[in-house]
Structures are given as structure tokens and as C-alpha cells.
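Novice: Sharing data.cif (mmCIF, C-alpha atoms) below.
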```cif
data_coords
#
loop_
_atom_site.label_atom_id
_atom_site.label_comp_id
_atom_site.auth_asym_id
_atom_site.auth_seq_id
_atom_site.Cartn_x
_atom_site.Cartn_y
_atom_site.Cartn_z
CA MET A 1 32.84 30.18 103.84
CA HIS A 2 33.50 26.46 104.05
CA ASP A 3 36.98 25.02 104.54
CA THR A 4 38.81 24.29 101.33
CA PRO A 5 39.24 20.61 100.36
CA LEU A 6 42.98 20.91 101.03
CA ALA A 7 42.26 21.55 104.72
CA LYS A 8 41.63 17.82 105.00
CA TYR A 9 45.38 17.33 104.52
CA LEU A 10 46.78 20.69 105.66
CA PRO A 11 44.81 21.72 108.76
CA ASN A 12 43.78 25.37 108.88
CA VAL A 13 45.32 26.04 105.49
CA SER A 14 44.53 29.52 104.19
CA LYS A 15 41.96 30.16 101.49
CA LEU A 16 44.53 32.20 99.57
CA ILE A 17 48.02 31.21 98.45
CA PHE A 18 51.07 33.40 98.00
CA GLY A 19 52.74 32.58 94.69
CA CYS A 20 56.50 32.95 94.96
CA MET A 21 57.28 33.02 91.22
CA GLY A 22 58.29 36.68 91.35
CA LEU A 23 60.86 36.31 94.14
CA GLY A 24 64.57 36.14 93.47
CA GLY A 25 65.11 39.10 91.18
CA GLY A 26 63.80 37.96 87.83
CA TRP A 27 64.37 35.33 85.16
CA ASN A 28 68.09 35.81 84.76
CA LYS A 29 71.37 34.40 86.01
CA ASP A 30 72.18 37.40 88.20
CA PRO A 31 73.13 36.48 91.77
CA LEU A 32 70.81 37.12 94.68
CA THR A 33 71.32 40.31 96.64
CA ASN A 34 70.30 41.58 100.07
CA THR A 35 67.55 43.56 98.32
CA HIS A 36 66.03 40.31 97.02
CA THR A 37 66.19 38.76 100.47
CA GLN A 38 64.56 41.80 102.03
CA GLN A 39 61.81 41.70 99.41
CA ALA A 40 61.15 38.06 100.30
CA HIS A 41 60.92 38.94 104.01
CA VAL A 42 58.42 41.71 103.28
CA CYS A 43 56.26 39.54 101.00
CA ILE A 44 56.21 36.64 103.45
CA ASP A 45 55.38 38.89 106.39
CA THR A 46 52.66 40.69 104.41
CA ALA A 47 51.12 37.38 103.39
CA ILE A 48 51.17 36.02 106.94
CA ALA A 49 49.70 39.25 108.30
CA GLY A 50 46.89 38.84 105.78
CA GLY A 51 46.16 35.30 106.94
CA ILE A 52 48.04 33.40 104.23
CA ASN A 53 50.02 30.35 105.34
CA LEU A 54 50.50 28.43 102.06
CA PHE A 55 53.40 29.38 99.80
CA ASP A 56 53.60 28.18 96.21
CA HIS A 57 56.93 27.44 94.50
CA ALA A 58 58.37 25.59 91.53
CA ASP A 59 61.90 24.41 90.91
CA ILE A 60 62.11 26.59 87.79
CA TYR A 61 60.82 29.90 89.20
CA THR A 62 63.40 32.59 88.40
CA PHE A 63 65.74 29.70 87.55
CA GLY A 64 65.69 28.37 91.12
CA LYS A 65 66.31 31.73 92.77
CA ALA A 66 62.75 32.01 94.11
CA GLU A 67 63.26 28.89 96.21
CA GLN A 68 66.78 29.95 97.09
CA VAL A 69 65.82 33.36 98.45
CA PHE A 70 62.88 31.84 100.32
CA GLY A 71 65.34 29.37 101.82
CA GLN A 72 67.53 32.25 102.98
CA VAL A 73 64.55 33.66 104.86
CA LEU A 74 63.90 30.28 106.49
CA LYS A 75 67.56 30.02 107.45
CA GLN A 76 67.41 33.41 109.14
CA ARG A 77 64.05 32.60 110.77
CA PRO A 78 63.99 28.83 111.39
CA LYS A 79 60.81 28.92 113.51
CA LEU A 80 58.91 30.26 110.51
CA ARG A 81 58.85 26.81 108.85
CA GLU A 82 56.55 25.49 111.57
CA GLN A 83 54.02 28.26 110.88
CA ILE A 84 53.62 27.77 107.13
CA TYR A 85 52.94 25.23 104.41
CA ILE A 86 55.17 24.99 101.33
CA GLN A 87 54.29 23.43 98.00
CA SER A 88 56.61 23.20 95.03
CA LYS A 89 56.42 21.82 91.50
CA CYS A 90 58.65 19.83 89.20
CA GLY A 91 58.55 18.49 85.66
CA ILE A 92 59.48 21.41 83.39
CA ARG A 93 62.97 21.36 81.91
CA PHE A 94 64.38 24.26 79.94
CA ALA A 95 66.33 23.84 76.73
CA ASP A 96 69.89 22.64 77.34
CA GLU A 97 72.65 20.71 75.60
CA GLN A 98 70.56 17.56 75.89
CA GLY A 99 67.40 18.82 74.21
CA PRO A 100 64.70 21.49 73.79
CA LYS A 101 62.33 22.76 76.45
CA ARG A 102 60.46 19.67 77.55
CA TYR A 103 58.43 18.02 80.30
CA ASP A 104 59.96 15.27 82.39
CA LEU A 105 57.97 13.25 84.93
CA SER A 106 60.45 10.37 85.01
CA LYS A 107 61.24 9.04 88.45
CA GLN A 108 64.85 10.17 88.12
CA TRP A 109 63.90 13.77 87.35
CA ILE A 110 61.19 13.96 90.03
CA GLU A 111 63.62 12.70 92.66
CA GLN A 112 66.41 15.01 91.49
CA SER A 113 64.04 17.98 91.42
CA VAL A 114 62.78 17.38 94.95
CA GLU A 115 66.32 17.10 96.30
CA GLY A 116 67.17 20.41 94.61
CA SER A 117 64.08 22.15 95.95
CA LEU A 118 64.68 20.95 99.52
CA LYS A 119 68.27 22.16 99.39
CA ARG A 120 67.36 25.57 97.98
CA LEU A 121 64.46 26.01 100.41
CA ASN A 122 66.53 24.98 103.44
CA THR A 123 63.84 22.56 104.57
CA ASP A 124 63.62 18.84 105.20
CA TYR A 125 60.23 18.36 103.58
CA LEU A 126 57.60 19.73 101.23
CA ASP A 127 54.02 19.77 102.41
CA VAL A 128 52.88 19.28 98.81
CA LEU A 129 54.74 18.27 95.64
CA MET A 130 53.01 19.11 92.35
CA LEU A 131 53.69 17.70 88.90
CA HIS A 132 53.94 20.95 86.94
CA ARG A 133 52.75 19.97 83.46
CA PRO A 134 51.43 16.78 81.83
CA ASP A 135 54.26 14.74 80.30
CA PRO A 136 53.18 12.70 77.23
CA LEU A 137 55.88 10.15 78.12
CA ILE A 138 54.70 9.69 81.70
CA GLN A 139 54.76 6.17 83.10
CA VAL A 140 52.42 6.20 86.05
CA GLU A 141 54.00 3.16 87.69
CA GLU A 142 57.32 5.03 87.80
CA VAL A 143 55.62 8.05 89.34
CA ALA A 144 54.00 5.81 91.94
CA GLN A 145 57.38 4.34 92.86
CA VAL A 146 59.07 7.68 93.39
CA PHE A 147 56.06 9.12 95.23
CA SER A 148 56.17 6.18 97.65
CA ARG A 149 59.90 6.67 98.26
CA LEU A 150 59.48 10.38 98.84
CA LYS A 151 56.60 9.85 101.24
CA GLU A 152 58.30 7.06 103.18
CA SER A 153 61.46 9.16 103.55
CA GLY A 154 59.41 12.07 104.88
CA LYS A 155 60.60 14.39 102.12
CA VAL A 156 57.10 14.95 100.69
CA ARG A 157 53.89 14.71 102.69
CA HIS A 158 51.24 15.07 99.97
CA PHE A 159 51.12 14.96 96.18
CA ALA A 160 49.28 17.05 93.62
CA VAL A 161 49.27 18.06 89.97
CA SER A 162 49.08 21.21 87.91
CA ASN A 163 47.44 21.86 84.53
CA MET A 164 46.05 18.33 84.24
CA SER A 165 42.68 17.13 82.97
CA GLN A 166 40.23 14.89 84.78
CA GLN A 167 41.31 11.93 82.65
CA GLN A 168 45.00 12.52 83.32
CA ILE A 169 44.38 12.67 87.06
CA GLN A 170 42.29 9.50 86.93
CA PHE A 171 45.01 7.70 84.96
CA LEU A 172 47.70 8.73 87.43
CA GLN A 173 45.52 7.82 90.39
CA THR A 174 45.17 4.23 89.11
CA ALA A 175 48.82 3.61 90.02
CA LEU A 176 48.89 5.49 93.32
CA ASP A 177 48.01 4.32 96.82
CA MET A 178 47.77 7.94 97.95
CA PRO A 179 45.36 10.69 96.87
CA ILE A 180 46.04 13.52 94.47
CA VAL A 181 45.14 16.39 96.78
CA ALA A 182 45.12 19.39 94.41
CA ASN A 183 45.25 20.55 90.81
CA GLN A 184 46.45 24.03 89.92
CA ILE A 185 45.03 25.48 86.70
CA GLU A 186 44.84 28.87 85.03
CA ALA A 187 41.54 30.34 86.17
CA SER A 188 40.47 33.94 86.58
CA LEU A 189 37.83 36.47 85.66
CA LYS A 190 39.72 36.95 82.37
CA GLN A 191 40.52 33.29 81.71
CA SER A 192 37.10 31.80 82.39
CA ALA A 193 36.96 28.81 80.04
CA TRP A 194 36.58 26.63 83.15
CA VAL A 195 33.19 28.32 83.68
CA ASP A 196 32.32 28.62 79.98
CA GLU A 197 32.71 24.87 79.48
CA GLY A 198 29.69 24.24 81.69
CA VAL A 199 27.67 27.22 80.48
CA TYR A 200 27.99 26.37 76.78
CA VAL A 201 27.17 22.66 76.99
CA GLY A 202 25.41 21.65 73.76
CA ASN A 203 25.75 25.16 72.34
CA ARG A 204 27.60 25.64 69.06
CA ASP A 205 28.96 28.95 70.34
CA GLY A 206 31.07 26.90 72.72
CA LYS A 207 32.76 24.71 70.11
CA ASP A 208 36.13 26.48 70.49
CA ILE A 209 36.31 26.36 74.29
CA ASN A 210 39.46 24.40 75.09
CA PHE A 211 38.61 23.01 78.49
CA THR A 212 37.99 19.52 79.82
CA PRO A 213 34.27 18.71 80.17
CA GLY A 214 33.34 17.76 83.71
CA PHE A 215 36.66 18.85 85.20
CA ILE A 216 35.25 21.17 87.87
CA GLU A 217 32.56 18.66 88.85
CA TYR A 218 35.08 15.81 89.03
CA CYS A 219 37.51 17.70 91.27
CA THR A 220 34.66 18.85 93.51
CA GLU A 221 33.24 15.34 93.82
CA GLN A 222 36.67 13.81 94.53
CA GLU A 223 37.59 16.62 96.96
CA ILE A 224 40.62 17.56 94.87
CA GLN A 225 41.56 21.13 95.67
CA ILE A 226 41.38 23.41 92.65
CA GLN A 227 43.99 26.14 92.82
CA SER A 228 44.04 29.01 90.33
CA TRP A 229 47.12 30.61 88.86
CA GLY A 230 46.88 33.94 87.07
CA SER A 231 44.14 34.80 89.56
CA LEU A 232 44.63 38.59 89.46
CA CYS A 233 44.66 38.71 85.63
CA GLN A 234 48.07 40.44 85.77
CA GLY A 235 46.37 43.49 87.25
CA LEU A 236 44.13 44.00 84.20
CA TYR A 237 41.11 45.00 86.30
CA SER A 238 42.92 46.40 89.31
CA GLY A 239 45.19 49.19 88.21
CA LYS A 240 46.97 48.19 85.02
CA GLN A 241 47.23 50.82 82.29
CA LEU A 242 44.42 50.17 79.79
CA GLN A 243 45.44 52.19 76.72
CA ASN A 244 45.29 49.16 74.41
CA ALA A 245 42.61 47.23 76.29
CA SER A 246 39.38 45.99 74.72
CA PRO A 247 36.07 47.71 75.52
CA ALA A 248 35.12 44.65 77.59
CA ASP A 249 38.28 44.93 79.67
CA ILE A 250 37.79 48.67 80.21
CA ASN A 251 34.14 48.20 81.22
CA THR A 252 35.10 45.37 83.56
CA ALA A 253 37.78 47.46 85.24
CA ILE A 254 35.18 50.18 85.79
CA LEU A 255 32.73 47.64 87.21
CA VAL A 256 35.39 46.18 89.51
CA ALA A 257 36.13 49.67 90.84
CA LYS A 258 32.42 50.31 91.47
CA LEU A 259 32.02 47.03 93.32
CA ALA A 260 35.17 47.70 95.34
CA ALA A 261 33.58 50.93 96.53
CA LEU A 262 30.27 49.20 97.22
CA TYR A 263 31.90 46.42 99.27
CA SER A 264 34.40 48.85 100.88
CA THR A 265 37.35 46.86 99.67
CA SER A 266 40.07 46.86 97.01
CA ALA A 267 39.82 46.09 93.30
CA GLU A 268 42.18 43.14 93.84
CA ALA A 269 39.84 41.71 96.47
CA ILE A 270 36.85 41.92 94.11
CA VAL A 271 38.72 40.06 91.35
CA LEU A 272 39.68 37.33 93.81
CA ALA A 273 36.24 37.26 95.43
CA TRP A 274 34.84 36.33 92.02
CA LEU A 275 36.88 33.12 92.17
CA LEU A 276 36.13 32.49 95.84
CA ARG A 277 32.37 32.78 95.22
CA HIS A 278 32.40 29.62 93.10
CA PRO A 279 31.11 26.56 95.00
CA ALA A 280 34.20 24.52 94.01
CA LEU A 281 36.03 26.40 96.82
CA ILE A 282 38.90 27.46 94.59
CA GLN A 283 42.17 28.57 96.21
CA PRO A 284 43.53 31.59 94.31
CA VAL A 285 47.28 32.00 93.99
CA ILE A 286 48.38 35.64 94.38
CA GLY A 287 51.56 36.21 92.41
CA THR A 288 52.31 39.87 93.04
CA THR A 289 55.46 40.91 94.88
CA ASN A 290 54.02 44.37 95.48
CA ALA A 291 53.34 44.36 99.22
CA LYS A 292 50.55 46.92 98.91
CA ARG A 293 48.71 44.87 96.28
CA LEU A 294 49.30 41.68 98.25
CA ALA A 295 47.82 43.22 101.39
CA ALA A 296 44.89 44.55 99.36
CA SER A 297 44.24 41.05 98.03
CA CYS A 298 43.98 39.42 101.43
CA SER A 299 40.62 41.00 102.28
CA ALA A 300 38.99 38.94 99.52
CA VAL A 301 38.26 36.17 102.01
CA ASN A 302 35.87 38.49 103.87
CA ILE A 303 33.71 39.20 100.82
CA GLU A 304 30.89 37.15 99.38
CA LEU A 305 29.65 38.59 96.12
CA THR A 306 25.95 38.41 95.42
CA ARG A 307 24.84 36.13 92.62
CA GLU A 308 23.98 39.20 90.55
CA HIS A 309 27.38 40.81 91.06
CA TRP A 310 29.16 37.54 90.23
CA TYR A 311 27.25 37.27 86.96
CA ALA A 312 27.72 40.96 86.21
CA LEU A 313 31.48 40.51 86.39
CA TYR A 314 31.41 37.29 84.36
CA VAL A 315 29.27 38.77 81.57
CA SER A 316 31.22 42.03 81.54
CA ALA A 317 34.58 40.26 81.16
CA LYS A 318 33.16 38.15 78.32
CA GLY A 319 31.92 41.26 76.54
CA HIS A 320 28.53 39.82 75.57
CA GLU A 321 25.47 38.33 77.19
CA LEU A 322 25.14 34.64 77.98
CA PRO A 323 23.34 32.27 75.59
#
```
Let me see the file written as C-alpha cells.
Specialist:
Amino acid sequence: MHDTPLAKYLPNVSKLIFGCMGLGGGWNKDPLTNTHTQQAHVCIDTAIAGGINLFDHADIYTFGKAEQVFGQVLKQRPKLREQIYIQSKCGIRFADEQGPKRYDLSKQWIEQSVEGSLKRLNTDYLDVLMLHRPDPLIQVEEVAQVFSRLKESGKVRHFAVSNMSQQQIQFLQTALDMPIVANQIEASLKQSAWVDEGVYVGNRDGKDINFTPGFIEYCTEQEIQIQSWGSLCQGLYSGKQLQNASPADINTAILVAKLAALYSTSAEAIVLAWLLRHPALIQPVIGTTNAKRLAASCSAVNIELTREHWYALYVSAKGHELP
């Protein structure tokens, strides 16, 4: 496999990412415990043992506790920071006394969010800062100003986005004197509109596909790393109970199991290998905190699905043949 585009900025970065959204004991206000810290140690060690060195955060994950518990690990093991890359996101604000749930990419909120993340993570810098969601009120000149300050201060080394279209990235890039290095989108065997958009060009059956035309091609051409969240489909094809699943989902889970046996690997690895087989060199984010499933996922980088197996999975998950 080729190096991912992000390796241009983060040398030897792994082809898989550990998503830290599940750390910290859940989406509640309960305090962190030693059990949560131990879980974080196990997940981090399992990821590193599997070759993963990029860890994905956001300021909102488990209301800040995901970053906080990760920071406790770094405090206990300070040399670990030199061995890994950390990216975090900002821009989502939950409902509070000031307003409803909203997006905020103002320079004040970006700066405040980064300071909070650095404090919780017990680190002096982020390798990558991502803007979490598009903000309709974004002023790109403001973003450029705060990005420059963060870079000059050494607090953020590279900048990226999440859930943005080609046009939104282009618009933001007009104000920046630094590259957008990555875009994280929902992409998986189950959520395959990013593939469908290209397959159904000019076909009326594709009229309801809600995906940006040319997005994959644009990111590939510009060497913007595409990262995928939801990569494991919440375990749909790799062990989740399927009592209420559709026939397509059941058949796909059976196919995944057959291919796992054929390739002498895990079901999780097959699901991820489907993403890795795409020539855009997608970086899947693995969000499980189950150490066994995380370890099983890491072997995906050693598998290259045949063209026929890739299409078999794609068609099976869709539940009908291609046009």
C-alpha cells in the first residue's frame, strides 16, 4: 500500500486511526474513575501494538472526559507523547443558557477550544486541529487569523476539517496561507454515498444521493487526507445482533464472515479493508473501546481485497445490483 496523503505532514503516520470518542465513561457528568483511566491505557497500548500512532479526539467527546482521561495517561507516561500523533476537533457547542445546540467557528471559540483541549490532554500542542462541522456563519478571514496565531505559537502544527464539502474547503482555503491537510467524513460499507455519487452519475436512480459531486476526486487531487468516521458500521457486519436487520445487512454479515475465513482474518478487518482498498487512500477511524475488537481491526492494513470481493461487498450492502 502507498503512504497516506497525511504522511506528507505527519511522517510514518499509521493507516488506521484510533477514535477516542468512547473514552471517559460515557456522555454524562459523572467523574472519571481509575477504571476509566485503566481502560484508556489498555486501548492506547492495544492501538500502538497494532501499529496505530494517530489518536482522534474532539473537545466535546464524552463532554471533555475523553481528552481528560487521555491526558491522565500522558501525565503518567510523558514519553508516550513523542511516540504518537494527536488530532482534536472544535466547533460544536451544546445547548446552554446562551442558545441551542449550534456550530461556532468564530476565532474566539476556536482559540478557547484549543486552550481547553491542550489543558485536558496535558500536552503543549496538537498535531492536527479539525473544524468539526461547517458553520453557516463562518468568516474565513477570522479563521485564517486564529490559525496563524495557533501555528506561530506552536499550539497547533496542522489544520484540517471534518464533514465539509469540496466547495467549503475551497472557500476556506482562499483565506489560508497553509494547507487543509485532511477532511473526516462518514464513510463505510454501510454509508457508501461517497461511492454511490460517482457510480450513479447521470442516472435518475441516484437523484436522492446526498453527497458532494467530485468530492473524492478533489481531495485525491489536492492530496487532502480523507478520514472515515463510522468505519466499522457500529459492528453491523462484525458481530452485532441482527434480529431486526434487513436482508441486505444479514447477507452482508454472512459474506464478511466468509471473506474473513478466506483471508484468514477478522470480520472487522474485512470491513476496514473495504475502505482501505479504495484508491483515495482513506484513513479509517476505529471507534471501539473493546480491546479485542480493536486488535482484530489492526490486521486490516495487511489485506488487499480483490476487485471482485470489493464489489461483492459493495453490492451486497446495497441490497441490489449496480445500474
Novice: Skip segment 233-242 of chain A itself and residues of its chain fewer than 3 positions away, then list as a VMD selection string all residues within 6 Å of it, counting all atoms listed in the file.
Specialist: chain A and resid 230 245 253 267 to 268
Novice: List as an MDAnalysis selection string: which residues have an atom within 7 Å of (46.3, 28.6, 91.5), counting all atoms listed in the file?
Specialist: chainID A and resid 184:186 227:231 283:285
Novice: Have a look at A:Phe63, A:Cys219, A:Asn183, A:Ile270 and name the one nearest to Lys29 of chain A; count only C-alpha atoms.
Specialist: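 Smallest separation from Lys29 of chain A among the options: A:Phe63.
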Novice: With a distance cut-off of 9 Å and only C-alpha atoms, select the neighbouring residues of segment 144-159 of chain A, excluding the residue or stretch itself and same-chain residues fewer than 2 positions from it, and output the selection as a short mmCIF file (atom, residue, chain, number, x, y, z; two decimals) with C-alpha atoms, in the coordinates of the input.
Specialist:
```
data_model
loop_
_atom_site.label_atom_id
_atom_site.label_comp_id
_atom_site.auth_asym_id
_atom_site.auth_seq_id
_atom_site.Cartn_x
_atom_site.Cartn_y
_atom_site.Cartn_z
CA TYR A 9 45.38 17.33 104.52
CA SER A 106 60.45 10.37 85.01
CA LYS A 107 61.24 9.04 88.45
CA GLN A 108 64.85 10.17 88.12
CA ILE A 110 61.19 13.96 90.03
CA GLU A 111 63.62 12.70 92.66
CA VAL A 114 62.78 17.38 94.95
CA GLU A 115 66.32 17.10 96.30
CA LEU A 118 64.68 20.95 99.52
CA ASP A 124 63.62 18.84 105.20
CA TYR A 125 60.23 18.36 103.58
CA LEU A 126 57.60 19.73 101.23
CA ASP A 127 54.02 19.77 102.41
CA VAL A 128 52.88 19.28 98.81
CA LEU A 129 54.74 18.27 95.64
CA MET A 130 53.01 19.11 92.35
CA LEU A 131 53.69 17.70 88.90
CA GLN A 139 54.76 6.17 83.10
CA VAL A 140 52.42 6.20 86.05
CA GLU A 141 54.00 3.16 87.69
CA GLU A 142 57.32 5.03 87.80
CA VAL A 161 49.27 18.06 89.97
CA LEU A 172 47.70 8.73 87.43
CA GLN A 173 45.52 7.82 90.39
CA ALA A 175 48.82 3.61 90.02
CA LEU A 176 48.89 5.49 93.32
CA ASP A 177 48.01 4.32 96.82
CA MET A 178 47.77 7.94 97.95
CA PRO A 179 45.36 10.69 96.87
CA ILE A 180 46.04 13.52 94.47
CA VAL A 181 45.14 16.39 96.78
CA ALA A 182 45.12 19.39 94.41
#
```
Novice: So the first atom is atom CA of Tyr61 of chain A and the second is atom CA of Met21 of chain A; what is the distance between them in Å, to one decimal place?
Specialist: 5.1 Å
Novice: At what distance in Å, to one decimal, does atom CA of Thr46 of chain A lie from atom CA of Ala295 of chain A?
Specialist: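 Value for the atom CA of Ala295 of chain A-atom CA of Thr46 of chain A distance: 6.2 Å.
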Novice: Measure the distance from atom CA of Lys65 of chain A to atom CA of Gly51 of chain A in Å and round it to one decimal.
Specialist: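 These atoms are spaced 24.9 Å apart.
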Novice: Of the candidates A:Leu262, A:Leu255, A:Ile226, A:Ala273, which shows the shortest atom-to-atom distance to Ala296 of chain A, using only C-alpha atoms?
Specialist: A:Ala273
Novice: Which residue gives the smallest distance to Pro323 of chain A among A:Gly202, A:Pro100, A:Pro213, A:Gly25, with all atoms listed in the file counted?
Specialist: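 Going through A:Gly202, A:Pro100, A:Pro213, A:Gly25 one by one, the smallest distance to Pro323 of chain A is for A:Gly202.
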Novice: When the PyMOL selection byres ((chain A and resi 314) around 12) is applied to the file above, which residues end up in the set, as a PyMOL selection string?
Specialist: chain A and resi 188-196+199+248-249+251-252+255-256+271+274-275+277-278+305+307-313+315-322
Novice: Which residue out of A:Leu105, A:Val201, A:Ile138, A:Ile224 has the minimum interatomic distance to Cys90 of chain A when only C-alpha atoms are used?
Specialist: A:Leu105
Novice: Under the rule that all atoms listed in the file are counted, which of A:Ser113, A:Asn203, A:Thr37, A:Thr62 is the nearest residue to Cys20 of chain A?
Specialist: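 Closest to Cys20 of chain A of all the choices is A:Thr62.
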Novice: With the PyMOL selection byres ((chain A and resi 212) around 8) as the selection, what would be picked from this file? Answer as a list in words, please.
Specialist: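 That selection, the PyMOL selection byres ((chain A and resi 212) around 8), comes back as Ser165, Gln166, Trp194, Glu197, Asn210, Phe211, Pro213, Gly214 and Phe215 of chain A.
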Novice: Between A:Pro279, A:Gly99, A:Gly71, A:Pro11, which residue has the minimum interatomic distance to Asn53 of chain A, considering all atoms listed in the file?
Specialist: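 Selected residue with least distance to Asn53 of chain A: A:Pro11.
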Novice: Enumerate, as a PyMOL selection string, the residues matched when the PyMOL selection byres ((chain A and resi 38) around 12) is run on the file above.
Specialist: chain A and resi 23-25+32-37+39-45+69-70+72-73+76+289+291
Novice: Write out as AutoDock Vina command-line options an axis-aligned box for segment 253-272 of chain A: all of its atoms listed in the file, 3 Å added on each side, centre and edge lengths in Å with one decimal.
Specialist:
```
--center_x 36.2 --center_y 44.1 --center_z 93.1 --size_x 17.9 --size_y 19.6 --size_z 21.6
```
